[in-house]
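**Student:** Got a structure for you, data21.tsv, holding TSV, C-alpha atoms.
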chain	number	residue	atom	x	y	z
B	1	MET	CA	-164.85	43.99	10.87
B	2	ILE	CA	-167.58	46.42	9.93
B	3	GLU	CA	-170.02	43.58	10.39
B	4	ASN	CA	-168.96	43.22	13.95
B	5	GLY	CA	-169.10	46.78	15.15
B	6	SER	CA	-165.76	48.40	14.52
B	7	GLU	CA	-165.33	52.02	13.52
B	8	MET	CA	-164.78	52.91	9.88
B	9	ALA	CA	-161.38	54.41	10.54
B	10	ARG	CA	-160.13	51.18	12.06
B	11	ALA	CA	-161.37	49.08	9.16
B	12	GLU	CA	-159.83	51.38	6.56
B	13	ASP	CA	-156.63	51.59	8.50
B	14	THR	CA	-156.38	47.81	8.70
B	15	ILE	CA	-156.95	47.38	4.97
B	16	MET	CA	-154.36	50.03	4.19
B	17	ARG	CA	-151.86	48.38	6.48
B	18	ILE	CA	-152.37	45.01	4.81
B	19	ALA	CA	-152.11	46.58	1.34
B	20	THR	CA	-148.92	48.45	2.20
B	21	ASN	CA	-147.33	45.32	3.49
B	22	SER	CA	-148.29	43.37	0.42
B	23	GLY	CA	-146.41	45.85	-1.71
B	24	TYR	CA	-149.10	48.31	-2.74
B	25	PRO	CA	-148.48	51.41	-0.65
B	26	ASP	CA	-150.74	53.56	-2.86
B	27	ALA	CA	-153.90	51.48	-2.72
B	28	GLN	CA	-157.16	53.34	-2.30
B	29	VAL	CA	-159.89	52.33	0.07
B	30	PHE	CA	-163.38	53.71	0.35
B	31	SER	CA	-165.68	52.20	2.89
B	32	THR	CA	-169.16	52.78	4.20
B	33	VAL	CA	-171.31	50.82	6.60
B	34	THR	CA	-172.69	48.73	3.77
B	35	GLY	CA	-169.64	48.08	1.64
B	36	ILE	CA	-165.94	48.46	0.96
B	37	ILE	CA	-164.43	49.50	-2.37
B	38	MET	CA	-160.72	49.01	-2.79
B	39	SER	CA	-158.53	49.58	-5.80
B	40	ILE	CA	-154.86	49.32	-6.63
B	41	PRO	CA	-153.66	51.96	-9.12
B	42	ASP	CA	-151.80	49.67	-11.54
B	43	GLN	CA	-154.74	47.38	-12.03
B	44	LYS	CA	-157.88	48.20	-13.91
B	45	ASN	CA	-160.32	46.45	-11.63
B	46	ALA	CA	-161.46	47.63	-8.27
B	47	GLN	CA	-162.62	45.18	-5.69
B	48	VAL	CA	-166.01	45.67	-4.14
B	49	GLU	CA	-167.03	43.89	-1.01
B	50	SER	CA	-170.49	44.37	0.37
B	51	VAL	CA	-171.42	44.16	4.01
B	52	SER	CA	-174.95	43.01	4.53
B	53	ARG	CA	-175.05	41.62	8.03
B	54	ARG	CA	-174.40	43.66	11.11
B	55	ASN	CA	-174.07	42.54	14.67
B	56	ILE	CA	-171.76	43.23	17.54
B	57	ASP	CA	-168.79	41.11	18.42
B	58	LEU	CA	-165.91	43.14	19.70
B	59	GLU	CA	-163.80	40.07	20.29
B	60	LYS	CA	-163.55	39.53	16.54
B	61	VAL	CA	-162.61	43.14	15.98
B	62	SER	CA	-159.87	42.85	18.50
B	63	TRP	CA	-158.55	39.64	16.93
B	64	VAL	CA	-158.39	41.03	13.43
B	65	ASN	CA	-156.68	44.11	14.77
B	66	ARG	CA	-154.01	42.02	16.41
B	67	LEU	CA	-153.53	39.81	13.33
B	68	SER	CA	-153.05	42.76	11.03
B	69	ARG	CA	-150.49	44.21	13.42
B	70	ASP	CA	-148.64	40.90	13.42
B	71	TYR	CA	-148.67	40.96	9.66
B	72	ALA	CA	-147.37	44.52	9.60
B	73	VAL	CA	-144.26	43.58	11.53
B	74	LYS	CA	-143.82	40.54	9.26
B	75	LYS	CA	-144.41	38.02	11.99
B	76	ILE	CA	-146.77	36.04	9.75
B	77	THR	CA	-147.06	35.71	5.97
B	78	LEU	CA	-150.00	36.63	3.80
B	79	THR	CA	-151.29	33.09	3.43
B	80	GLU	CA	-151.00	32.49	7.14
B	81	PHE	CA	-152.82	35.73	7.71
B	82	PHE	CA	-155.63	34.66	5.40
B	83	ASP	CA	-155.95	31.27	7.09
B	84	GLN	CA	-156.02	32.87	10.49
B	85	LEU	CA	-158.73	35.28	9.38
B	86	LYS	CA	-160.89	32.37	8.29
B	87	ILE	CA	-160.38	30.71	11.64
B	88	VAL	CA	-161.34	33.94	13.40
B	89	ASP	CA	-164.49	34.23	11.35
B	90	ASP	CA	-165.60	30.70	12.18
B	91	ALA	CA	-164.42	29.97	15.63
B	92	VAL	CA	-163.85	33.00	17.77
B	93	PRO	CA	-164.66	32.15	21.36
B	94	TYR	CA	-168.11	33.54	21.87
B	95	PHE	CA	-169.45	33.75	25.39
B	96	PRO	CA	-171.97	30.93	25.68
B	97	PHE	CA	-175.62	31.83	25.52
B	98	TRP	CA	-176.34	31.25	29.20
B	99	LEU	CA	-173.46	33.51	30.17
B	100	GLN	CA	-174.82	36.25	27.95
B	101	VAL	CA	-178.23	35.92	29.56
B	102	LEU	CA	-176.52	36.09	32.94
B	103	GLY	CA	-174.74	39.20	31.71
B	104	ALA	CA	-178.11	40.71	30.82
B	105	ALA	CA	-179.35	39.94	34.31
B	106	LEU	CA	-176.24	41.56	35.77
B	107	VAL	CA	-176.79	44.65	33.67
B	108	SER	CA	-180.44	45.17	34.39
B	109	GLY	CA	-180.69	44.62	38.13
B	110	PRO	CA	-177.76	46.71	39.37
B	111	LEU	CA	-178.31	49.49	36.85
B	112	MET	CA	-181.89	49.84	37.99
B	113	THR	CA	-180.64	50.36	41.53
B	114	ILE	CA	-178.07	52.90	40.42
B	115	PHE	CA	-180.61	54.88	38.44
B	116	CYS	CA	-183.56	54.76	40.78
B	117	ASN	CA	-182.28	54.06	44.31
B	118	ASN	CA	-184.62	51.12	44.47
B	119	PHE	CA	-183.20	48.12	46.34
B	120	TYR	CA	-186.43	46.20	46.54
B	121	ASP	CA	-186.94	45.26	42.91
B	122	ILE	CA	-183.45	44.01	42.06
B	123	GLY	CA	-184.29	40.33	41.75
B	124	VAL	CA	-187.40	40.83	39.64
B	125	THR	CA	-185.63	43.27	37.35
B	126	SER	CA	-182.70	40.93	36.81
B	127	ILE	CA	-184.96	38.04	35.91
B	128	ILE	CA	-187.11	40.07	33.55
B	129	GLY	CA	-184.04	41.63	31.95
B	130	ALA	CA	-182.56	38.18	31.38
B	131	ILE	CA	-185.78	36.84	29.86
B	132	GLY	CA	-186.10	39.91	27.67
B	133	PHE	CA	-182.57	39.51	26.39
B	134	ALA	CA	-183.09	35.80	25.76
B	135	ILE	CA	-186.19	36.57	23.70
B	136	TYR	CA	-184.28	39.23	21.78
B	137	TYR	CA	-181.49	36.77	21.09
B	138	ALA	CA	-183.82	33.98	20.00
B	139	ILE	CA	-185.81	36.18	17.61
B	140	ASN	CA	-182.61	37.60	16.18
B	141	LYS	CA	-181.32	34.09	15.52
B	142	THR	CA	-184.44	32.84	13.79
B	143	LEU	CA	-185.89	35.87	12.03
B	144	ASP	CA	-182.86	38.06	11.45
B	145	ILE	CA	-184.83	41.30	11.54
B	146	LYS	CA	-183.16	43.48	14.09
B	147	PHE	CA	-185.77	46.08	14.85
B	148	ILE	CA	-188.61	43.60	15.16
B	149	SER	CA	-186.77	41.60	17.79
B	150	GLU	CA	-186.10	44.72	19.83
B	151	PHE	CA	-189.71	45.77	19.54
B	152	VAL	CA	-191.08	42.39	20.58
B	153	SER	CA	-188.72	41.91	23.48
B	154	SER	CA	-189.34	45.37	24.91
B	155	LEU	CA	-193.06	44.77	24.53
B	156	LEU	CA	-192.77	41.53	26.49
B	157	ILE	CA	-190.58	43.21	29.10
B	158	GLY	CA	-193.29	45.78	29.61
B	159	PHE	CA	-195.99	43.12	29.96
B	160	MET	CA	-193.91	41.09	32.40
B	161	ALA	CA	-193.17	44.16	34.49
B	162	VAL	CA	-196.87	45.04	34.74
B	163	LEU	CA	-197.75	41.43	35.53
B	164	THR	CA	-195.20	41.07	38.31
B	165	VAL	CA	-196.35	44.27	39.93
B	166	ARG	CA	-199.99	43.16	39.70
B	167	MET	CA	-199.03	39.87	41.34
B	168	GLY	CA	-197.33	41.73	44.13
B	169	LEU	CA	-193.79	40.60	43.37
B	170	GLY	CA	-192.52	44.00	42.35
B	171	HIS	CA	-192.92	47.54	43.57
B	172	SER	CA	-192.65	49.91	40.71
B	173	VAL	CA	-193.40	49.19	37.05
B	174	ASP	CA	-191.30	52.18	35.98
B	175	ASN	CA	-188.11	51.07	37.66
B	176	ILE	CA	-188.43	47.47	36.52
B	177	ILE	CA	-188.89	48.50	32.89
B	178	ILE	CA	-186.00	50.95	33.03
B	179	GLY	CA	-183.66	48.27	34.30
B	180	ALA	CA	-184.86	45.41	32.14
B	181	VAL	CA	-184.59	47.39	28.91
B	182	MET	CA	-180.97	48.36	29.51
B	183	PRO	CA	-179.34	45.28	27.87
B	184	LEU	CA	-181.04	46.19	24.58
B	185	VAL	CA	-179.78	49.78	24.49
B	186	PRO	CA	-177.79	50.50	21.30
B	187	GLY	CA	-174.53	51.54	22.94
B	188	VAL	CA	-172.15	50.35	20.23
B	189	PRO	CA	-173.78	51.99	17.18
B	190	LEU	CA	-174.15	55.21	19.11
B	191	THR	CA	-170.51	55.39	20.13
B	192	ASN	CA	-169.39	54.37	16.66
B	193	ALA	CA	-171.59	57.01	15.08
B	194	VAL	CA	-169.94	59.72	17.13
B	195	ARG	CA	-166.44	58.45	16.45
B	196	ASP	CA	-167.06	58.00	12.72
B	197	ILE	CA	-168.32	61.54	12.39
B	198	LEU	CA	-165.31	62.80	14.33
B	199	ASN	CA	-163.00	61.01	11.92
B	200	GLY	CA	-164.70	62.59	8.93
B	201	HIS	CA	-166.71	59.61	7.73
B	202	PHE	CA	-169.84	61.54	6.96
B	203	VAL	CA	-171.52	58.70	5.13
B	204	SER	CA	-171.09	56.02	7.76
B	205	GLY	CA	-171.49	58.15	10.87
B	206	PRO	CA	-175.03	59.39	10.30
B	207	ALA	CA	-176.02	55.98	8.90
B	208	ARG	CA	-174.97	54.35	12.14
B	209	GLY	CA	-176.67	57.11	14.08
B	210	ILE	CA	-179.90	56.26	12.29
B	211	GLU	CA	-179.39	52.59	13.16
B	212	ALA	CA	-179.10	53.54	16.81
B	213	LEU	CA	-182.10	55.84	16.56
B	214	LEU	CA	-184.23	53.13	14.95
B	215	THR	CA	-183.27	50.66	17.65
B	216	ALA	CA	-184.09	53.16	20.36
B	217	SER	CA	-187.46	53.94	18.81
B	218	ALA	CA	-188.24	50.25	18.42
B	219	ILE	CA	-187.70	49.86	22.15
B	220	GLY	CA	-189.69	53.01	22.80
B	221	PHE	CA	-192.64	51.80	20.72
B	222	GLY	CA	-192.65	48.50	22.53
B	223	ILE	CA	-192.89	50.24	25.88
B	224	ALA	CA	-195.44	52.74	24.62
B	225	PHE	CA	-197.64	49.87	23.45
B	226	VAL	CA	-197.76	48.51	26.97
B	227	PHE	CA	-198.93	51.84	28.31
B	228	ARG	CA	-201.77	52.00	25.83
B	229	PHE	CA	-203.20	48.80	27.24
B	230	PHE	CA	-202.73	49.39	30.97
H	1	MET	CA	-172.49	51.90	52.88
H	2	ILE	CA	-175.07	52.38	50.16
H	3	MET	CA	-172.34	54.13	48.25
H	4	ILE	CA	-170.11	51.04	48.33
H	5	ILE	CA	-172.95	48.78	47.22
H	6	LYS	CA	-173.66	51.12	44.37
H	7	LEU	CA	-170.02	51.14	43.30
H	8	CYS	CA	-170.08	47.34	43.25
H	9	PHE	CA	-173.25	47.48	41.17
H	10	ALA	CA	-171.62	49.83	38.70
H	11	PHE	CA	-168.80	47.32	38.34
H	12	ILE	CA	-171.19	44.40	37.89
H	13	ALA	CA	-173.29	46.24	35.35
H	14	THR	CA	-170.27	47.21	33.29
H	15	VAL	CA	-168.94	43.66	33.26
H	16	GLY	CA	-172.40	42.36	32.35
H	17	PHE	CA	-172.66	44.66	29.37
H	18	GLY	CA	-169.17	43.61	28.38
H	19	ILE	CA	-170.35	40.02	28.30
H	20	ILE	CA	-173.33	40.92	26.13
H	21	ILE	CA	-171.26	42.65	23.46
H	22	ASN	CA	-168.64	39.87	23.71
H	23	ILE	CA	-165.44	41.69	24.56
H	24	PRO	CA	-162.27	39.61	25.14
H	25	HIS	CA	-162.13	37.90	28.51
H	26	ARG	CA	-158.96	39.62	29.57
H	27	ALA	CA	-160.51	43.02	29.11
H	28	LEU	CA	-163.58	42.41	31.28
H	29	LEU	CA	-162.11	43.36	34.64
H	30	ILE	CA	-160.38	46.45	33.35
H	31	ALA	CA	-163.50	47.66	31.58
H	32	GLY	CA	-165.39	47.07	34.82
H	33	SER	CA	-162.95	49.12	36.84
H	34	ILE	CA	-163.08	51.97	34.34
H	35	GLY	CA	-166.86	51.91	34.61
H	36	THR	CA	-166.67	52.00	38.40
H	37	VAL	CA	-164.20	54.87	38.53
H	38	THR	CA	-166.13	57.00	36.09
H	39	TRP	CA	-169.40	56.28	37.80
H	40	PHE	CA	-167.79	57.43	41.07
H	41	ILE	CA	-166.71	60.65	39.35
H	42	TYR	CA	-170.24	61.08	38.05
H	43	TRP	CA	-171.75	60.53	41.49
H	44	ALA	CA	-169.31	62.87	43.22
H	45	LEU	CA	-169.88	65.67	40.74
H	46	ILE	CA	-173.67	65.28	40.82
H	47	ASN	CA	-173.56	65.61	44.59
H	48	LEU	CA	-171.39	68.71	44.29
H	49	ASN	CA	-174.20	70.28	42.25
H	50	PHE	CA	-172.36	70.56	38.98
H	51	GLY	CA	-175.54	70.01	36.98
H	52	ILE	CA	-176.23	67.06	34.69
H	53	ALA	CA	-174.60	68.45	31.55
H	54	LEU	CA	-171.21	69.25	33.02
H	55	THR	CA	-171.18	66.10	35.12
H	56	ASN	CA	-171.80	63.83	32.16
H	57	LEU	CA	-169.26	65.73	30.13
H	58	LEU	CA	-166.50	65.34	32.70
H	59	ALA	CA	-167.33	61.70	33.34
H	60	SER	CA	-167.21	60.83	29.66
H	61	VAL	CA	-163.92	62.70	29.28
H	62	ALA	CA	-162.61	60.48	32.06
H	63	ILE	CA	-163.91	57.39	30.25
H	64	GLY	CA	-162.23	58.46	27.05
H	65	ILE	CA	-158.84	59.09	28.65
H	66	LEU	CA	-158.85	55.98	30.85
H	67	SER	CA	-159.92	53.69	28.03
H	68	ASP	CA	-157.27	55.13	25.72
H	69	ILE	CA	-154.62	54.36	28.33
H	70	ALA	CA	-156.03	50.87	28.80
H	71	ALA	CA	-156.20	50.33	25.04
H	72	ARG	CA	-152.56	51.22	24.63
H	73	ARG	CA	-151.48	49.06	27.56
H	74	MET	CA	-153.45	46.01	26.44
H	75	LYS	CA	-152.97	46.62	22.69
H	76	MET	CA	-156.68	46.30	22.01
H	77	PRO	CA	-159.13	48.59	20.25
H	78	MET	CA	-160.24	51.44	22.44
H	79	LEU	CA	-163.94	50.88	22.03
H	80	ILE	CA	-163.73	47.62	23.95
H	81	PHE	CA	-163.28	49.65	27.12
H	82	ASN	CA	-165.26	52.60	25.93
H	83	ILE	CA	-168.69	51.16	25.41
H	84	PRO	CA	-169.26	49.06	28.55
H	85	SER	CA	-168.07	51.81	30.87
H	86	LEU	CA	-170.47	54.22	29.23
H	87	VAL	CA	-173.45	52.15	30.29
H	88	PRO	CA	-173.92	53.53	33.84
H	89	LEU	CA	-174.10	57.05	32.40
H	90	VAL	CA	-176.79	56.36	29.79
H	91	PRO	CA	-179.92	58.42	30.51
H	92	GLY	CA	-182.16	55.35	30.72
H	93	GLY	CA	-184.53	56.73	33.30
H	94	GLN	CA	-185.16	59.96	31.48
H	95	ALA	CA	-185.58	58.25	28.12
H	96	TYR	CA	-188.14	55.93	29.68
H	97	GLN	CA	-190.05	58.76	31.31
H	98	MET	CA	-190.08	60.57	27.98
H	99	VAL	CA	-191.63	57.64	26.12
H	100	ARG	CA	-194.09	57.05	28.93
H	101	ASN	CA	-195.27	60.62	29.15
H	102	ILE	CA	-195.63	61.01	25.41
H	103	ALA	CA	-197.52	57.71	25.18
H	104	LEU	CA	-199.88	58.78	27.95
H	105	GLY	CA	-200.49	62.16	26.31
H	106	ASN	CA	-198.53	64.39	28.67
H	107	ALA	CA	-196.67	66.03	25.82
H	108	ALA	CA	-195.25	68.87	27.93
H	109	GLN	CA	-193.74	66.52	30.49
H	110	GLY	CA	-192.43	64.33	27.69
H	111	MET	CA	-190.72	67.30	26.07
H	112	ARG	CA	-189.06	68.19	29.36
H	113	PHE	CA	-187.57	64.70	29.60
H	114	LEU	CA	-186.67	64.77	25.92
H	115	THR	CA	-184.59	67.90	26.39
H	116	GLU	CA	-182.90	66.26	29.36
H	117	VAL	CA	-182.05	63.18	27.27
H	118	ILE	CA	-180.66	65.33	24.47
H	119	GLU	CA	-178.65	67.35	26.98
H	120	ILE	CA	-177.09	64.24	28.49
H	121	THR	CA	-176.33	62.41	25.24
H	122	GLY	CA	-174.96	65.60	23.74
H	123	SER	CA	-172.62	66.19	26.64
H	124	ILE	CA	-171.45	62.57	26.58
H	125	ALA	CA	-170.64	62.93	22.88
H	126	ILE	CA	-168.79	66.20	23.45
H	127	GLY	CA	-166.96	64.56	26.33
H	128	PHE	CA	-165.71	61.83	24.00
H	129	LEU	CA	-164.66	64.52	21.54
H	130	ILE	CA	-162.65	66.33	24.19
H	131	ALA	CA	-161.07	63.09	25.36
H	132	GLU	CA	-160.07	62.27	21.79
H	133	LEU	CA	-158.56	65.73	21.44
H	134	LEU	CA	-156.59	65.36	24.67
H	135	ASN	CA	-155.35	61.93	23.63
H	136	LYS	CA	-154.19	63.25	20.26
H	137	LEU	CA	-152.43	66.19	21.94
H	138	TRP	CA	-150.72	63.80	24.33
H	139	LYS	CA	-149.56	61.58	21.47
H	140	LYS	CA	-148.16	64.61	19.62
H	141	LEU	CA	-146.37	65.72	22.75
H	142	LEU	CA	-144.79	62.30	23.15
H	143	LEU	CA	-143.70	62.26	19.52
H	144	LYS	CA	-142.13	65.69	19.83
H	145	ARG	CA	-140.26	64.69	22.92
H	146	ALA	CA	-139.05	61.51	21.23
H	147	SER	CA	-137.80	63.39	18.17
H	148	ARG	CA	-136.02	65.96	20.32
H	149	GLY	CA	-134.37	63.20	22.30
H	150	MET	CA	-132.86	61.67	19.18
Please render this file's structure as structure tokens.
**Tutor:**
Amino acid sequence: MIENGSEMARAEDTIMRIATNSGYPDAQVFSTVTGIIMSIPDQKNAQVESVSRRNIDLEKVSWVNRLSRDYAVKKITLTEFFDQLKIVDDAVPYFPFWLQVLGAALVSGPLMTIFCNNFYDIGVTSIIGAIGFAIYYAINKTLDIKFISEFVSSLLIGFMAVLTVRMGLGHSVDNIIIGAVMPLVPGVPLTNAVRDILNGHFVSGPARGIEALLTASAIGFGIAFVFRFF
Amino acid sequence: MIMIIKLCFAFIATVGFGIIINIPHRALLIAGSIGTVTWFIYWALINLNFGIALTNLLASVAIGILSDIAARRMKMPMLIFNIPSLVPLVPGGQAYQMVRNIALGNAAQGMRFLTEVIEITGSIAIGFLIAELLNKLWKKLLLKRASRGM
């Protein structure tokens, strides 16, 4: 769950609920963004589970949440629960890639209009936003370095914006970049950071905040690069 | 007229962001409507000259409360509704201007936009805090009423 962008409190709460239902109401859970430690008082060993990959898939979070609730009211057994979890991990319906790119286009064009009152550049912004997101997605798939992919895609967004304006297709470089960068904005880590801190998770909250900050600065550097050259 | 178009755009943008972060299909439309409503609140308050800090604060309080209601109705985690509807409020324009001005060497201008960005994000965060507080109070109130009824 932590992998897929849930808050700490929800993850801990889910583990506790499962433990209580399995007959260990006094289990202890300690979790951070990078790992979970869980121990049961009667046993000598604690279980450690590390979390090394992080991306955002709220559908999975919602599924696990529902499964654990089902388990809590004894609708399913522990083995069933485990099987279901495996299924969720493998085969949760993900929106297909083209739909996500379309989503990126839908985010960037309209948002640009909302922010800047500019009706002229909608089409260009949508297309550039979609291309930028596709690049981000592709680099993320192949290289698996998050900040690099954000940097490269915002760099390319900047170049494309300048190019389209030079070619006379767009009006304002500023507005196009603002819109096209929007799909990359780290909304989930930011919100989670705030909520984690509110719930007293002072290790995970700031860590997530830094993740959001790094993402934002990667985007910022990409854009700043473009300005150095034009 | 422009107003209506913009409201539609707020809806589309929220749904689009929902698709990117892969929220469940059933939640898309509701998240979109929350985004639209809160963006309308934001727009109305900005035009009433409430200032950016207070406007963002009130709008994010509205997001928090509405998405909590939706979360309880749909039995889904709250942040599914929370994050997409936040998108129209994000200070994208100011953040961009900040980077641009600092990159071009206009440090003073950049600082001005930086303070604006901090102001907006801070008030959004505090808005979420207040919404959480209100939701907790409401839950307590319901519990109390339930226990008295027994």
**Student:** Excluding Gly123 of chain B and residues on its chain fewer than 5 positions from it, collect all residues at most 9 Å away from it, counting all atoms listed in the file, and give them as a short mmCIF file (atom, residue, chain, number, x, y, z; two decimals) with C-alpha atoms, in the frame of the given file.
**Tutor:**
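Final output, saved to part_29.cif:
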data_model
loop_
_atom_site.label_atom_id
_atom_site.label_comp_id
_atom_site.auth_asym_id
_atom_site.auth_seq_id
_atom_site.Cartn_x
_atom_site.Cartn_y
_atom_site.Cartn_z
CA ALA B 105 -179.35 39.94 34.31
CA GLY B 109 -180.69 44.62 38.13
CA ILE B 128 -187.11 40.07 33.55
#
**Student:** How many Å separate atom CA of Ala27 of chain H from atom CA of Met76 of chain H?
**Tutor:** 8.7 Å
**Student:** Sorted by chain and rising residue number, list the residues of chain H at most 9 Å from chain B (counting only C-alpha atoms), each with its closest atom pair and distance in Å to one decimal, as JSON lines.
**Tutor:**
{"residue": "H:Lys6", "atom": "CA", "partner": "B:Ile114", "partner_atom": "CA", "distance": 6.2}
{"residue": "H:Leu7", "atom": "CA", "partner": "B:Ile114", "partner_atom": "CA", "distance": 8.7}
{"residue": "H:Cys8", "atom": "CA", "partner": "B:Pro110", "partner_atom": "CA", "distance": 8.6}
{"residue": "H:Phe9", "atom": "CA", "partner": "B:Pro110", "partner_atom": "CA", "distance": 4.9}
{"residue": "H:Ala10", "atom": "CA", "partner": "B:Pro110", "partner_atom": "CA", "distance": 6.9}
{"residue": "H:Ile12", "atom": "CA", "partner": "B:Leu106", "partner_atom": "CA", "distance": 6.2}
{"residue": "H:Ala13", "atom": "CA", "partner": "B:Val107", "partner_atom": "CA", "distance": 4.2}
{"residue": "H:Thr14", "atom": "CA", "partner": "B:Val107", "partner_atom": "CA", "distance": 7.0}
{"residue": "H:Val15", "atom": "CA", "partner": "B:Gly103", "partner_atom": "CA", "distance": 7.5}
{"residue": "H:Gly16", "atom": "CA", "partner": "B:Gly103", "partner_atom": "CA", "distance": 4.0}
{"residue": "H:Phe17", "atom": "CA", "partner": "B:Val107", "partner_atom": "CA", "distance": 6.0}
{"residue": "H:Gly18", "atom": "CA", "partner": "B:Gly103", "partner_atom": "CA", "distance": 7.8}
{"residue": "H:Ile19", "atom": "CA", "partner": "B:Gly103", "partner_atom": "CA", "distance": 5.6}
{"residue": "H:Ile20", "atom": "CA", "partner": "B:Gln100", "partner_atom": "CA", "distance": 5.2}
{"residue": "H:Ile21", "atom": "CA", "partner": "B:Asp57", "partner_atom": "CA", "distance": 5.8}
{"residue": "H:Asn22", "atom": "CA", "partner": "B:Asp57", "partner_atom": "CA", "distance": 5.4}
{"residue": "H:Ile23", "atom": "CA", "partner": "B:Glu59", "partner_atom": "CA", "distance": 4.9}
{"residue": "H:Pro24", "atom": "CA", "partner": "B:Glu59", "partner_atom": "CA", "distance": 5.1}
{"residue": "H:His25", "atom": "CA", "partner": "B:Glu59", "partner_atom": "CA", "distance": 8.7}
{"residue": "H:Lys75", "atom": "CA", "partner": "B:Arg66", "partner_atom": "CA", "distance": 7.9}
{"residue": "H:Met76", "atom": "CA", "partner": "B:Ser62", "partner_atom": "CA", "distance": 5.9}
{"residue": "H:Pro77", "atom": "CA", "partner": "B:Ser62", "partner_atom": "CA", "distance": 6.0}
{"residue": "H:Leu79", "atom": "CA", "partner": "B:Ser6", "partner_atom": "CA", "distance": 8.1}
{"residue": "H:Ile80", "atom": "CA", "partner": "B:Leu58", "partner_atom": "CA", "distance": 6.5}
{"residue": "H:Asn82", "atom": "CA", "partner": "B:Thr191", "partner_atom": "CA", "distance": 8.3}
{"residue": "H:Ile83", "atom": "CA", "partner": "B:Val188", "partner_atom": "CA", "distance": 6.3}
{"residue": "H:Pro84", "atom": "CA", "partner": "B:Gly187", "partner_atom": "CA", "distance": 8.1}
{"residue": "H:Leu86", "atom": "CA", "partner": "B:Gly187", "partner_atom": "CA", "distance": 8.0}
{"residue": "H:Val87", "atom": "CA", "partner": "B:Gly187", "partner_atom": "CA", "distance": 7.5}
{"residue": "H:Pro88", "atom": "CA", "partner": "B:Leu111", "partner_atom": "CA", "distance": 6.7}
{"residue": "H:Val90", "atom": "CA", "partner": "B:Gly187", "partner_atom": "CA", "distance": 8.7}
{"residue": "H:Pro91", "atom": "CA", "partner": "B:Phe115", "partner_atom": "CA", "distance": 8.7}
{"residue": "H:Gly92", "atom": "CA", "partner": "B:Ile178", "partner_atom": "CA", "distance": 6.3}
{"residue": "H:Gly93", "atom": "CA", "partner": "B:Ile178", "partner_atom": "CA", "distance": 6.0}
{"residue": "H:Ala95", "atom": "CA", "partner": "B:Gly220", "partner_atom": "CA", "distance": 8.5}
{"residue": "H:Tyr96", "atom": "CA", "partner": "B:Ile178", "partner_atom": "CA", "distance": 6.4}
{"residue": "H:Gln97", "atom": "CA", "partner": "B:Asp174", "partner_atom": "CA", "distance": 8.2}
{"residue": "H:Val99", "atom": "CA", "partner": "B:Gly220", "partner_atom": "CA", "distance": 6.0}
{"residue": "H:Arg100", "atom": "CA", "partner": "B:Ala224", "partner_atom": "CA", "distance": 6.2}
{"residue": "H:Ile102", "atom": "CA", "partner": "B:Ala224", "partner_atom": "CA", "distance": 8.3}
{"residue": "H:Ala103", "atom": "CA", "partner": "B:Ala224", "partner_atom": "CA", "distance": 5.4}
{"residue": "H:Leu104", "atom": "CA", "partner": "B:Phe227", "partner_atom": "CA", "distance": 7.0}
{"residue": "H:Ala125", "atom": "CA", "partner": "B:Val194", "partner_atom": "CA", "distance": 6.6}
{"residue": "H:Phe128", "atom": "CA", "partner": "B:Arg195", "partner_atom": "CA", "distance": 8.3}
{"residue": "H:Leu129", "atom": "CA", "partner": "B:Leu198", "partner_atom": "CA", "distance": 7.4}
**Student:** Can you work out the spacing between atom CA of Ile145 of chain B and atom CA of Thr215 of chain B in Å, to one decimal?
**Tutor:**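 Those two atoms sit 11.3 Å apart.
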**Student:** Mind giving me the straight-line distance from atom CA of Gly170 of chain B to atom CA of Tyr120 of chain B in Å, one decimal?
**Tutor:** 7.7 Å
**Student:** Residues near segment 54-64 of chain H, anyone? I mean within 6 Å using only C-alpha atoms, not counting same-chain ones fewer than 5 positions away, as an MDAnalysis selection string.
**Tutor:** chainID H and resid 38 42 45 123:124 127:128 131
**Student:** Smallest atom-to-atom distance to Leu89 of chain H: which of H:Ala108, H:Leu134, H:Ile2, H:Val117, using all atoms listed in the file?
**Tutor:**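 Closest to Leu89 of chain H of all the choices is H:Val117.
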**Student:** For Ile30 of chain H, which residue among H:Asn135, H:Gln94, H:Asn106, H:Ser85 is the nearest when counting only C-alpha atoms?
**Tutor:**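 Distance minimum relative to Ile30 of chain H lands on H:Ser85.
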